[in-house]
There are 2 protein chains.
Amino acid sequence: MKAGRSKKGANSRDRILQAALQEFAHKGIDGARVDEIARVSGANKNMIYHYFRSKENLFVAVLESVYENVRSRQQDLSLRDLDPVAAMRRLIEHTADIWIEVPEFNRLLASENLHQAKHVRRSKKIQSMYSPLIDTLKGILERGVKDGVFRDGVDPVDLYISVTSLSAHYVAHHFTFDAIFKTNLMSPKKIAQRKSTISAMILRYLQP
Amino acid sequence: MKAGRSKKGANSRDRILQAALQEFAHKGIDGARVDEIARVSGANKNMIYHYFRSKENLFVAVLESVYENVRSRQQDLSLRDLDPVAAMRRLIEHTADIWIEVPEFNRLLASENLHQAKHVRRSKKIQSMYSPLIDTLKGILERGVKDGVFRDGVDPVDLYISVTSLSAHYVAHHFTFDAIFKTNLMSPKKIAQRKSTISAMILRYLQP
DNA sequence: GCACTAAAGTACCAACCAGTCAGTAAACTA
DNA sequence: TAGTTTACTGACTGGTTGGTACTTTAGTGC
């Protein structure tokens, strides 16, 4: 088969998106090469421009799909059945897991912030995705305050940033940390230690 | 003067290094352009290759100079005169300030981690710089434990990573946070709030 | 068997960009 | 003052890269 409709399961658009995700995540938007995406996806370069119109648009599409992936993971945690402390702990651990399970997300965000979030700002889709998470966090905080297990006045956005920082930065910067401190931060043991440190730190911070 | 030895105060090497710092920090190593560094520094492109031999070597030189800058800031804090809690608070606030005062450091590190710390690993100079800081932190922790104000068993490297994460990630990722949460995290008010959150979080974590 | 469409191929371009070449002029040295 | 080193210049090159034009192949539904 030299040309014509392929019989592979995933259609070209999806395969391009998958290959682009890897390429962008590993090399950043500037280091990534369209030809390489074409090669890896097995699609003709023309198809990339047919579906996505430009390299930048492709990057936005990749960002959106990863944000969507992460958001969907955060949705079904059934935190309402748990008491506030347990719910908070679960949310923290789940947030920490995301960076390890979806390392591409972290890398895309690093690249994106080097570019002043130019692509995120262009995507209404992404910007509409995060409020539900903050609402969940707010709900847990309020329940905790009512139960007398959390102190009052903690801003949910601020708390979300703290949890994210403690987990994301560790994973994103483990290369330089490893080089400087001569350790291996991504070993299972170290990762488990970090997760318990984060939980302890946040829960102590929330204590009345 | 068409050619020949220049009489300008700052020599070309320094001007190139300064321009390269800005270019690399703003665009990452892949986005940065050698021609642009030449243009901004006012030096001929050949001078860049004369002094630094390659774009990558120039990047390493930039990294080293920034690491040196940051390290020298951390040296003269005279923390030994303060009680453990005050010393810890000062170290935390100082660490937080660095990311705001030297934003280039953060950006270079982001780019560097996208490349698996390949350049940091190449530089023995950088790798020899960080142990003194950890020793300082270790000293404060030990004094605090002896005084009964800190609990025992906290790893200084782990603590350093936490402090750094809480401050660096906030600054490095404020573009995407701002876009998603519709705030302005770099306003003086928000920055002050963040600094006090970080201090509170760390000091509560260290309580016995 | 015909129209439609997704997919793929070949070939190309203009801009870009890291790195080089060949040479000049001032300053230092013996 | 001849010879060497250091600082500097403008033009150039060869490979790369995002993006385009035009053509061809082959499944699908009618």
# chains A, B, ... in the order shown; residues from 1 in each chain; ligands from 1

call {"tool": "residues_around", "arguments": {"residues": "Val102 (chain A)", "least_positions_apart": "4", "cutoff": "8 Å", "atoms": "only C-alpha atoms (C1' of nucleotides)", "output": "PyMOL selection string"}}
result
chain A and resi 70+98+106

call {"tool": "write_last_selection", "arguments": {"atoms": "all heavy atoms", "output": "PDB file, in the first residue's frame"}}
result
ATOM      1  N   VAL A  70      -5.946  15.405  32.067  1.00  0.00           N
ATOM      2  CA  VAL A  70      -5.702  15.644  33.490  1.00  0.00           C
ATOM      3  C   VAL A  70      -7.002  15.985  34.218  1.00  0.00           C
ATOM      4  O   VAL A  70      -7.268  15.479  35.309  1.00  0.00           O
ATOM      5  CB  VAL A  70      -4.670  16.775  33.668  1.00  0.00           C
ATOM      6  CG1 VAL A  70      -4.604  17.232  35.110  1.00  0.00           C
ATOM      7  CG2 VAL A  70      -3.301  16.302  33.202  1.00  0.00           C
ATOM      8  N   ILE A  98      -0.452  12.808  39.497  1.00  0.00           N
ATOM      9  CA  ILE A  98      -0.622  13.260  38.113  1.00  0.00           C
ATOM     10  C   ILE A  98       0.713  13.583  37.459  1.00  0.00           C
ATOM     11  O   ILE A  98       0.983  13.201  36.319  1.00  0.00           O
ATOM     12  CB  ILE A  98      -1.556  14.489  38.051  1.00  0.00           C
ATOM     13  CG1 ILE A  98      -3.003  14.027  38.189  1.00  0.00           C
ATOM     14  CG2 ILE A  98      -1.373  15.265  36.749  1.00  0.00           C
ATOM     15  CD1 ILE A  98      -4.006  15.160  38.242  1.00  0.00           C
ATOM     16  N   ASN A 106       3.649  18.271  32.651  1.00  0.00           N
ATOM     17  CA  ASN A 106       4.643  19.118  33.306  1.00  0.00           C
ATOM     18  C   ASN A 106       5.578  19.777  32.294  1.00  0.00           C
ATOM     19  O   ASN A 106       5.864  20.976  32.369  1.00  0.00           O
ATOM     20  CB  ASN A 106       5.470  18.234  34.246  1.00  0.00           C
ATOM     21  CG  ASN A 106       5.718  18.902  35.579  1.00  0.00           C
ATOM     22  OD1 ASN A 106       5.694  20.122  35.689  1.00  0.00           O
ATOM     23  ND2 ASN A 106       5.973  18.110  36.593  1.00  0.00           N
TER      24      ASN A 106
END

call {"tool": "closest_atom_pairs", "arguments": {"of": "chain A", "to": "chain B", "cutoff": "9 Å", "atoms": "only C-alpha atoms", "output": "tab-separated table"}}
result
residue	atom	partner	partner_atom	distance
A:Ala25	CA	B:Leu114	CA	8.3
A:His26	CA	B:Leu114	CA	6.9
A:Lys27	CA	B:Leu114	CA	6.8
A:Gly28	CA	B:Leu114	CA	7.2
A:Ile29	CA	B:Gly31	CA	8.6
A:Asp30	CA	B:Gly31	CA	5.4
A:Gly31	CA	B:Asp30	CA	5.4
A:Arg107	CA	B:Leu114	CA	6.7
A:Leu109	CA	B:Thr176	CA	7.7
A:Ala110	CA	B:Ala110	CA	6.2
A:Ser111	CA	B:Ser111	CA	7.6
A:Glu112	CA	B:Thr176	CA	7.7
A:Asn113	CA	B:His173	CA	5.8
A:Leu114	CA	B:Lys27	CA	6.7
A:His115	CA	B:Lys27	CA	7.3
A:Gln116	CA	B:Phe175	CA	5.3
A:Ala117	CA	B:Thr176	CA	5.2
A:Lys118	CA	B:Phe175	CA	8.5
A:Val120	CA	B:Thr176	CA	6.8
A:Arg121	CA	B:Ala179	CA	5.8
A:Ile126	CA	B:Ile180	CA	7.6
A:Gln127	CA	B:Ile180	CA	5.0
A:Ser128	CA	B:Ile180	CA	7.8
A:Met129	CA	B:Ile180	CA	8.3
A:Tyr130	CA	B:Ile180	CA	6.7
A:Ser131	CA	B:Phe181	CA	7.7
A:Val157	CA	B:Phe181	CA	7.7
A:Asp158	CA	B:Arg194	CA	7.9
A:Ile161	CA	B:Tyr170	CA	7.1
A:Ser162	CA	B:Leu166	CA	6.1
A:Val163	CA	B:Leu166	CA	8.6
A:Thr164	CA	B:His169	CA	8.5
A:Ser165	CA	B:His169	CA	5.4
A:Leu166	CA	B:Ser165	CA	5.4
A:Ser167	CA	B:Ser165	CA	8.0
A:Ala168	CA	B:His169	CA	8.0
A:His169	CA	B:Ser165	CA	5.4
A:Tyr170	CA	B:Ser165	CA	6.8
A:Ala172	CA	B:Asn113	CA	6.8
A:His173	CA	B:Asn113	CA	5.8
A:His174	CA	B:Asn113	CA	7.7
A:Phe175	CA	B:Ala117	CA	5.3
A:Thr176	CA	B:Ala117	CA	5.2
A:Phe177	CA	B:Ile161	CA	8.3
A:Asp178	CA	B:Ala117	CA	8.8
A:Ala179	CA	B:Arg121	CA	5.8
A:Ile180	CA	B:Gln127	CA	5.1
A:Phe181	CA	B:Tyr130	CA	7.7
A:Lys182	CA	B:Gln127	CA	8.9
A:Arg194	CA	B:Asp158	CA	7.9
A:Thr197	CA	B:Asp158	CA	8.6
A:Ile198	CA	B:Ser162	CA	8.4
A:Ala200	CA	B:Tyr205	CA	7.3
A:Met201	CA	B:Tyr205	CA	5.3
A:Ile202	CA	B:Met201	CA	7.3
A:Arg204	CA	B:Tyr205	CA	6.3
A:Tyr205	CA	B:Met201	CA	5.3
A:Leu206	CA	B:Met201	CA	8.9

call {"tool": "interface_residues", "arguments": {"of": "chain D", "to": "chain A", "cutoff": "10 Å", "atoms": "only C-alpha atoms (C1' of nucleotides)", "output": "PyMOL selection string"}}
result
chain D and resi 17-20+24-27

call {"tool": "closest_atom_pairs", "arguments": {"of": "chain C", "to": "chain A", "cutoff": "10 Å", "atoms": "only C-alpha atoms (C1' of nucleotides)", "output": "Markdown table"}}
result
| residue | atom | partner | partner_atom | distance |
| --- | --- | --- | --- | --- |
| C:DT5 | C1' | A:Arg5 | CA | 9.7 |
| C:DA6 | C1' | A:Arg5 | CA | 6.1 |
| C:DA7 | C1' | A:Arg5 | CA | 4.9 |
| C:DA8 | C1' | A:Ala3 | CA | 4.4 |
| C:DG9 | C1' | A:Ala3 | CA | 7.1 |

call {"tool": "select_by_dssp", "arguments": {"residues": "chain A", "states": "helix (DSSP H, G or I)", "output": "PDB file with C-alpha atoms, in the first residue's frame"}}
result
ATOM      1  CA  SER A  12      -4.196  10.071  11.190  1.00  0.00           C
ATOM      2  CA  ARG A  13      -5.372  13.006  13.257  1.00  0.00           C
ATOM      3  CA  ASP A  14      -5.048  11.051  16.487  1.00  0.00           C
ATOM      4  CA  ARG A  15      -1.722   9.580  15.538  1.00  0.00           C
ATOM      5  CA  ILE A  16      -0.396  13.036  14.698  1.00  0.00           C
ATOM      6  CA  LEU A  17      -1.643  14.370  18.025  1.00  0.00           C
ATOM      7  CA  GLN A  18       0.012  11.522  19.899  1.00  0.00           C
ATOM      8  CA  ALA A  19       3.342  11.947  18.133  1.00  0.00           C
ATOM      9  CA  ALA A  20       3.168  15.720  18.579  1.00  0.00           C
ATOM     10  CA  LEU A  21       2.540  15.290  22.293  1.00  0.00           C
ATOM     11  CA  GLN A  22       5.736  13.280  22.666  1.00  0.00           C
ATOM     12  CA  GLU A  23       7.783  15.548  20.447  1.00  0.00           C
ATOM     13  CA  PHE A  24       6.626  18.777  22.108  1.00  0.00           C
ATOM     14  CA  ALA A  25       6.926  17.329  25.600  1.00  0.00           C
ATOM     15  CA  HIS A  26      10.441  16.111  25.032  1.00  0.00           C
ATOM     16  CA  LYS A  27      11.868  19.054  23.135  1.00  0.00           C
ATOM     17  CA  GLY A  28       9.607  22.016  23.886  1.00  0.00           C
ATOM     18  CA  ILE A  29       7.854  23.984  21.175  1.00  0.00           C
ATOM     19  CA  ASP A  30      11.077  25.418  19.775  1.00  0.00           C
ATOM     20  CA  GLY A  31      13.052  22.202  19.853  1.00  0.00           C
ATOM     21  CA  VAL A  34       7.313  19.046  12.404  1.00  0.00           C
ATOM     22  CA  ASP A  35       9.114  16.597  10.144  1.00  0.00           C
ATOM     23  CA  GLU A  36       9.849  14.396  13.130  1.00  0.00           C
ATOM     24  CA  ILE A  37       6.175  14.433  14.136  1.00  0.00           C
ATOM     25  CA  ALA A  38       5.283  13.392  10.601  1.00  0.00           C
ATOM     26  CA  ARG A  39       7.858  10.603  10.653  1.00  0.00           C
ATOM     27  CA  VAL A  40       6.838   9.190  14.043  1.00  0.00           C
ATOM     28  CA  SER A  41       3.098   9.416  13.420  1.00  0.00           C
ATOM     29  CA  LYS A  45       3.538  16.174   6.677  1.00  0.00           C
ATOM     30  CA  ASN A  46       0.726  17.541   4.570  1.00  0.00           C
ATOM     31  CA  MET A  47      -1.799  15.903   6.860  1.00  0.00           C
ATOM     32  CA  ILE A  48      -0.447  17.883   9.795  1.00  0.00           C
ATOM     33  CA  TYR A  49      -1.096  21.136   8.010  1.00  0.00           C
ATOM     34  CA  HIS A  50      -4.428  19.843   6.765  1.00  0.00           C
ATOM     35  CA  TYR A  51      -5.690  19.107  10.270  1.00  0.00           C
ATOM     36  CA  PHE A  52      -3.898  21.747  12.323  1.00  0.00           C
ATOM     37  CA  LYS A  55       2.873  24.205  14.223  1.00  0.00           C
ATOM     38  CA  GLU A  56       1.546  26.607  16.848  1.00  0.00           C
ATOM     39  CA  ASN A  57      -2.038  25.453  16.363  1.00  0.00           C
ATOM     40  CA  LEU A  58      -0.860  21.886  16.715  1.00  0.00           C
ATOM     41  CA  PHE A  59       0.797  22.813  19.983  1.00  0.00           C
ATOM     42  CA  VAL A  60      -2.444  24.358  21.248  1.00  0.00           C
ATOM     43  CA  ALA A  61      -4.347  21.217  20.267  1.00  0.00           C
ATOM     44  CA  VAL A  62      -1.815  19.081  22.142  1.00  0.00           C
ATOM     45  CA  LEU A  63      -2.085  21.308  25.212  1.00  0.00           C
ATOM     46  CA  GLU A  64      -5.869  21.086  25.148  1.00  0.00           C
ATOM     47  CA  SER A  65      -5.876  17.316  24.925  1.00  0.00           C
ATOM     48  CA  VAL A  66      -3.467  16.988  27.849  1.00  0.00           C
ATOM     49  CA  TYR A  67      -5.406  19.444  29.994  1.00  0.00           C
ATOM     50  CA  GLU A  68      -8.532  17.469  29.188  1.00  0.00           C
ATOM     51  CA  ASN A  69      -6.838  14.218  30.157  1.00  0.00           C
ATOM     52  CA  VAL A  70      -5.702  15.644  33.490  1.00  0.00           C
ATOM     53  CA  ARG A  71      -9.056  17.211  34.234  1.00  0.00           C
ATOM     54  CA  SER A  72     -10.919  13.978  33.579  1.00  0.00           C
ATOM     55  CA  ARG A  73      -8.645  12.198  36.054  1.00  0.00           C
ATOM     56  CA  GLN A  74      -9.519  14.737  38.697  1.00  0.00           C
ATOM     57  CA  GLN A  75     -13.236  14.342  38.217  1.00  0.00           C
ATOM     58  CA  LEU A  79     -14.380  12.954  47.654  1.00  0.00           C
ATOM     59  CA  ARG A  80     -17.806  13.772  49.045  1.00  0.00           C
ATOM     60  CA  ASP A  81     -18.017  10.430  50.819  1.00  0.00           C
ATOM     61  CA  PRO A  84     -12.539  16.589  55.155  1.00  0.00           C
ATOM     62  CA  VAL A  85      -9.077  15.451  56.247  1.00  0.00           C
ATOM     63  CA  ALA A  86      -9.262  12.204  54.299  1.00  0.00           C
ATOM     64  CA  ALA A  87     -10.676  14.004  51.270  1.00  0.00           C
ATOM     65  CA  MET A  88      -7.889  16.571  51.392  1.00  0.00           C
ATOM     66  CA  ARG A  89      -5.264  13.872  51.722  1.00  0.00           C
ATOM     67  CA  ARG A  90      -6.702  12.041  48.771  1.00  0.00           C
ATOM     68  CA  LEU A  91      -6.804  15.181  46.635  1.00  0.00           C
ATOM     69  CA  ILE A  92      -3.186  15.936  47.527  1.00  0.00           C
ATOM     70  CA  GLU A  93      -1.978  12.444  46.726  1.00  0.00           C
ATOM     71  CA  HIS A  94      -3.937  12.390  43.518  1.00  0.00           C
ATOM     72  CA  THR A  95      -2.493  15.744  42.446  1.00  0.00           C
ATOM     73  CA  ALA A  96       1.000  14.490  43.233  1.00  0.00           C
ATOM     74  CA  ASP A  97       0.394  11.329  41.196  1.00  0.00           C
ATOM     75  CA  ILE A  98      -0.622  13.260  38.113  1.00  0.00           C
ATOM     76  CA  TRP A  99       2.840  14.726  37.598  1.00  0.00           C
ATOM     77  CA  ILE A 100       4.374  11.288  37.750  1.00  0.00           C
ATOM     78  CA  GLU A 101       1.750   9.584  35.605  1.00  0.00           C
ATOM     79  CA  PRO A 103       5.035  13.750  32.839  1.00  0.00           C
ATOM     80  CA  GLU A 104       4.230  15.291  29.472  1.00  0.00           C
ATOM     81  CA  PHE A 105       1.865  17.716  31.170  1.00  0.00           C
ATOM     82  CA  ASN A 106       4.643  19.118  33.306  1.00  0.00           C
ATOM     83  CA  ARG A 107       6.983  19.501  30.368  1.00  0.00           C
ATOM     84  CA  LEU A 108       4.426  21.200  28.177  1.00  0.00           C
ATOM     85  CA  LEU A 109       3.655  23.625  30.982  1.00  0.00           C
ATOM     86  CA  ALA A 110       7.342  24.426  31.410  1.00  0.00           C
ATOM     87  CA  SER A 111       7.642  25.202  27.740  1.00  0.00           C
ATOM     88  CA  GLU A 112       4.398  27.143  27.855  1.00  0.00           C
ATOM     89  CA  ASN A 113       5.534  29.340  30.730  1.00  0.00           C
ATOM     90  CA  LEU A 114       8.764  30.128  28.936  1.00  0.00           C
ATOM     91  CA  LYS A 118       0.747  32.543  25.082  1.00  0.00           C
ATOM     92  CA  HIS A 119      -1.000  29.385  23.881  1.00  0.00           C
ATOM     93  CA  VAL A 120      -3.024  28.752  27.035  1.00  0.00           C
ATOM     94  CA  ARG A 121      -4.302  32.302  26.799  1.00  0.00           C
ATOM     95  CA  ARG A 122      -5.390  31.600  23.261  1.00  0.00           C
ATOM     96  CA  LYS A 124     -10.874  29.254  25.799  1.00  0.00           C
ATOM     97  CA  LYS A 125     -11.306  25.526  26.200  1.00  0.00           C
ATOM     98  CA  ILE A 126      -8.450  25.273  28.700  1.00  0.00           C
ATOM     99  CA  GLN A 127      -9.456  28.370  30.597  1.00  0.00           C
ATOM    100  CA  SER A 131     -12.949  26.269  38.068  1.00  0.00           C
ATOM    101  CA  PRO A 132     -14.623  22.933  38.979  1.00  0.00           C
ATOM    102  CA  LEU A 133     -11.437  21.784  40.692  1.00  0.00           C
ATOM    103  CA  ILE A 134     -11.196  24.933  42.761  1.00  0.00           C
ATOM    104  CA  ASP A 135     -14.844  24.500  43.733  1.00  0.00           C
ATOM    105  CA  THR A 136     -14.103  20.991  44.982  1.00  0.00           C
ATOM    106  CA  LEU A 137     -11.175  22.251  47.019  1.00  0.00           C
ATOM    107  CA  LYS A 138     -13.285  25.082  48.385  1.00  0.00           C
ATOM    108  CA  GLY A 139     -15.974  22.603  49.406  1.00  0.00           C
ATOM    109  CA  ILE A 140     -13.539  20.423  51.324  1.00  0.00           C
ATOM    110  CA  LEU A 141     -12.058  23.455  53.068  1.00  0.00           C
ATOM    111  CA  GLU A 142     -15.500  24.695  54.116  1.00  0.00           C
ATOM    112  CA  ARG A 143     -16.526  21.310  55.437  1.00  0.00           C
ATOM    113  CA  GLY A 144     -13.277  21.122  57.377  1.00  0.00           C
ATOM    114  CA  VAL A 145     -13.783  24.531  58.934  1.00  0.00           C
ATOM    115  CA  LYS A 146     -17.339  23.621  59.963  1.00  0.00           C
ATOM    116  CA  ASP A 147     -16.069  20.385  61.541  1.00  0.00           C
ATOM    117  CA  PRO A 156      -8.409  27.651  47.823  1.00  0.00           C
ATOM    118  CA  VAL A 157      -6.441  28.979  44.842  1.00  0.00           C
ATOM    119  CA  ASP A 158      -3.445  29.663  47.054  1.00  0.00           C
ATOM    120  CA  LEU A 159      -3.704  26.171  48.508  1.00  0.00           C
ATOM    121  CA  TYR A 160      -3.984  24.602  45.077  1.00  0.00           C
ATOM    122  CA  ILE A 161      -0.832  26.433  44.000  1.00  0.00           C
ATOM    123  CA  SER A 162       1.017  25.160  47.073  1.00  0.00           C
ATOM    124  CA  VAL A 163       0.047  21.550  46.492  1.00  0.00           C
ATOM    125  CA  THR A 164       0.896  21.776  42.820  1.00  0.00           C
ATOM    126  CA  SER A 165       4.222  23.488  43.486  1.00  0.00           C
ATOM    127  CA  LEU A 166       5.332  20.914  46.017  1.00  0.00           C
ATOM    128  CA  SER A 167       4.653  18.048  43.646  1.00  0.00           C
ATOM    129  CA  ALA A 168       5.147  19.445  40.140  1.00  0.00           C
ATOM    130  CA  HIS A 169       8.384  21.286  40.791  1.00  0.00           C
ATOM    131  CA  TYR A 170       9.928  18.195  42.345  1.00  0.00           C
ATOM    132  CA  VAL A 171       9.224  16.143  39.241  1.00  0.00           C
ATOM    133  CA  ALA A 172       9.971  18.860  36.701  1.00  0.00           C
ATOM    134  CA  HIS A 174      14.515  16.462  39.423  1.00  0.00           C
ATOM    135  CA  PHE A 175      17.201  16.514  36.734  1.00  0.00           C
ATOM    136  CA  THR A 176      18.982  19.552  38.132  1.00  0.00           C
ATOM    137  CA  PHE A 177      18.328  18.494  41.738  1.00  0.00           C
ATOM    138  CA  ASP A 178      19.777  15.065  41.017  1.00  0.00           C
ATOM    139  CA  ALA A 179      22.831  16.586  39.368  1.00  0.00           C
ATOM    140  CA  ILE A 180      23.505  18.963  42.237  1.00  0.00           C
ATOM    141  CA  PHE A 181      22.578  16.854  45.256  1.00  0.00           C
ATOM    142  CA  PRO A 188      10.113   4.731  44.168  1.00  0.00           C
ATOM    143  CA  LYS A 189      11.353   5.196  47.722  1.00  0.00           C
ATOM    144  CA  LYS A 190      12.090   8.907  47.294  1.00  0.00           C
ATOM    145  CA  ILE A 191       8.774   9.471  45.539  1.00  0.00           C
ATOM    146  CA  ALA A 192       6.869   7.825  48.388  1.00  0.00           C
ATOM    147  CA  GLN A 193       8.793   9.966  50.879  1.00  0.00           C
ATOM    148  CA  ARG A 194       7.972  13.103  48.962  1.00  0.00           C
ATOM    149  CA  LYS A 195       4.273  12.300  48.832  1.00  0.00           C
ATOM    150  CA  SER A 196       4.111  11.842  52.569  1.00  0.00           C
ATOM    151  CA  THR A 197       6.105  15.037  53.137  1.00  0.00           C
ATOM    152  CA  ILE A 198       3.647  16.985  50.991  1.00  0.00           C
ATOM    153  CA  SER A 199       0.593  15.571  52.758  1.00  0.00           C
ATOM    154  CA  ALA A 200       2.095  16.273  56.159  1.00  0.00           C
ATOM    155  CA  MET A 201       3.083  19.790  55.193  1.00  0.00           C
ATOM    156  CA  ILE A 202      -0.295  20.750  53.784  1.00  0.00           C
ATOM    157  CA  LEU A 203      -2.378  19.110  56.513  1.00  0.00           C
ATOM    158  CA  ARG A 204      -0.286  20.683  59.268  1.00  0.00           C
ATOM    159  CA  TYR A 205      -0.703  24.027  57.522  1.00  0.00           C
ATOM    160  CA  LEU A 206      -4.471  23.580  57.543  1.00  0.00           C
TER     161      LEU A 206
END

call {"tool": "atom_distance", "arguments": {"atom1": "C1' of DT9 (chain D)", "atom2": "C1' of DA26 (chain C)"}}
result
13.6 Å

call {"tool": "atom_distance", "arguments": {"atom1": "CA of Asp83 (chain B)", "atom2": "CA of Asp155 (chain B)"}}
result
19.5 Å

call {"tool": "atom_distance", "arguments": {"atom1": "C1' of DC12 (chain C)", "atom2": "C1' of DT13 (chain D)"}}
result
20.5 Å

call {"tool": "residues_around", "arguments": {"residues": "DC28 (chain C)", "least_positions_apart": "5", "cutoff": "10 Å", "atoms": "only C-alpha atoms (C1' of nucleotides)", "output": "number ranges by chain"}}
result
D: 4-6

call {"tool": "residues_around", "arguments": {"residues": "DG29 (chain D)", "least_positions_apart": "3", "cutoff": "12 Å", "atoms": "only C-alpha atoms (C1' of nucleotides)", "output": "compact mmCIF listing (two decimals) with all heavy atoms, in the first residue's frame"}}
result
# COMPACT_ATOMS: atom_id res chain seq x y z
P DC C 2 -18.39 5.25 -14.91
OP1 DC C 2 -19.18 4.85 -16.10
OP2 DC C 2 -16.94 5.46 -15.02
O5' DC C 2 -19.02 6.55 -14.26
C5' DC C 2 -20.28 6.46 -13.58
C4' DC C 2 -20.28 7.31 -12.31
O4' DC C 2 -20.17 6.45 -11.14
C3' DC C 2 -19.14 8.33 -12.21
O3' DC C 2 -19.68 9.55 -11.75
C2' DC C 2 -18.19 7.71 -11.18
C1' DC C 2 -19.20 7.01 -10.26
N1 DC C 2 -18.62 5.90 -9.46
C2 DC C 2 -19.03 5.74 -8.12
O2 DC C 2 -19.87 6.53 -7.64
N3 DC C 2 -18.50 4.74 -7.37
C4 DC C 2 -17.60 3.92 -7.91
N4 DC C 2 -17.11 2.94 -7.15
C5 DC C 2 -17.16 4.07 -9.26
C6 DC C 2 -17.69 5.05 -9.99
P DA C 3 -18.89 10.91 -11.98
OP1 DA C 3 -19.56 11.66 -13.06
OP2 DA C 3 -17.46 10.61 -12.07
O5' DA C 3 -19.17 11.66 -10.60
C5' DA C 3 -20.44 11.52 -9.96
C4' DA C 3 -20.29 11.73 -8.46
O4' DA C 3 -19.78 10.52 -7.85
C3' DA C 3 -19.33 12.85 -8.08
O3' DA C 3 -19.92 13.62 -7.06
C2' DA C 3 -18.08 12.12 -7.61
C1' DA C 3 -18.66 10.84 -7.04
N9 DA C 3 -17.76 9.69 -7.07
C8 DA C 3 -16.96 9.27 -8.11
N7 DA C 3 -16.27 8.18 -7.86
C5 DA C 3 -16.65 7.86 -6.56
C6 DA C 3 -16.28 6.79 -5.71
N6 DA C 3 -15.42 5.84 -6.05
N1 DA C 3 -16.84 6.76 -4.47
C2 DA C 3 -17.70 7.73 -4.14
N3 DA C 3 -18.14 8.76 -4.85
C4 DA C 3 -17.56 8.77 -6.06
P DC C 4 -19.22 14.92 -6.46
OP1 DC C 4 -20.25 15.90 -6.08
OP2 DC C 4 -18.11 15.31 -7.35
O5' DC C 4 -18.60 14.31 -5.11
C5' DC C 4 -19.46 13.58 -4.22
C4' DC C 4 -18.65 13.11 -3.02
O4' DC C 4 -17.91 11.91 -3.35
C3' DC C 4 -17.62 14.12 -2.51
O3' DC C 4 -17.83 14.33 -1.13
C2' DC C 4 -16.27 13.46 -2.80
C1' DC C 4 -16.63 11.98 -2.78
N1 DC C 4 -15.72 11.12 -3.59
C2 DC C 4 -15.24 9.93 -3.03
O2 DC C 4 -15.58 9.62 -1.88
N3 DC C 4 -14.40 9.14 -3.77
C4 DC C 4 -14.06 9.51 -5.00
N4 DC C 4 -13.25 8.70 -5.68
C5 DC C 4 -14.53 10.72 -5.58
C6 DC C 4 -15.35 11.49 -4.85
P DT C 5 -17.09 15.49 -0.33
OP1 DT C 5 -18.04 16.10 0.61
OP2 DT C 5 -16.34 16.32 -1.31
O5' DT C 5 -16.02 14.66 0.51
C5' DT C 5 -16.41 13.45 1.18
C4' DT C 5 -15.18 12.70 1.64
O4' DT C 5 -14.58 11.95 0.54
C3' DT C 5 -14.07 13.61 2.18
O3' DT C 5 -13.59 13.05 3.40
C2' DT C 5 -12.99 13.55 1.11
C1' DT C 5 -13.18 12.14 0.58
N1 DT C 5 -12.66 11.89 -0.80
C2 DT C 5 -12.04 10.69 -1.06
O2 DT C 5 -11.90 9.82 -0.22
N3 DT C 5 -11.59 10.55 -2.34
C4 DT C 5 -11.70 11.48 -3.37
O4 DT C 5 -11.25 11.24 -4.48
C5 DT C 5 -12.36 12.72 -3.03
C7 DT C 5 -12.52 13.79 -4.06
C6 DT C 5 -12.80 12.86 -1.77
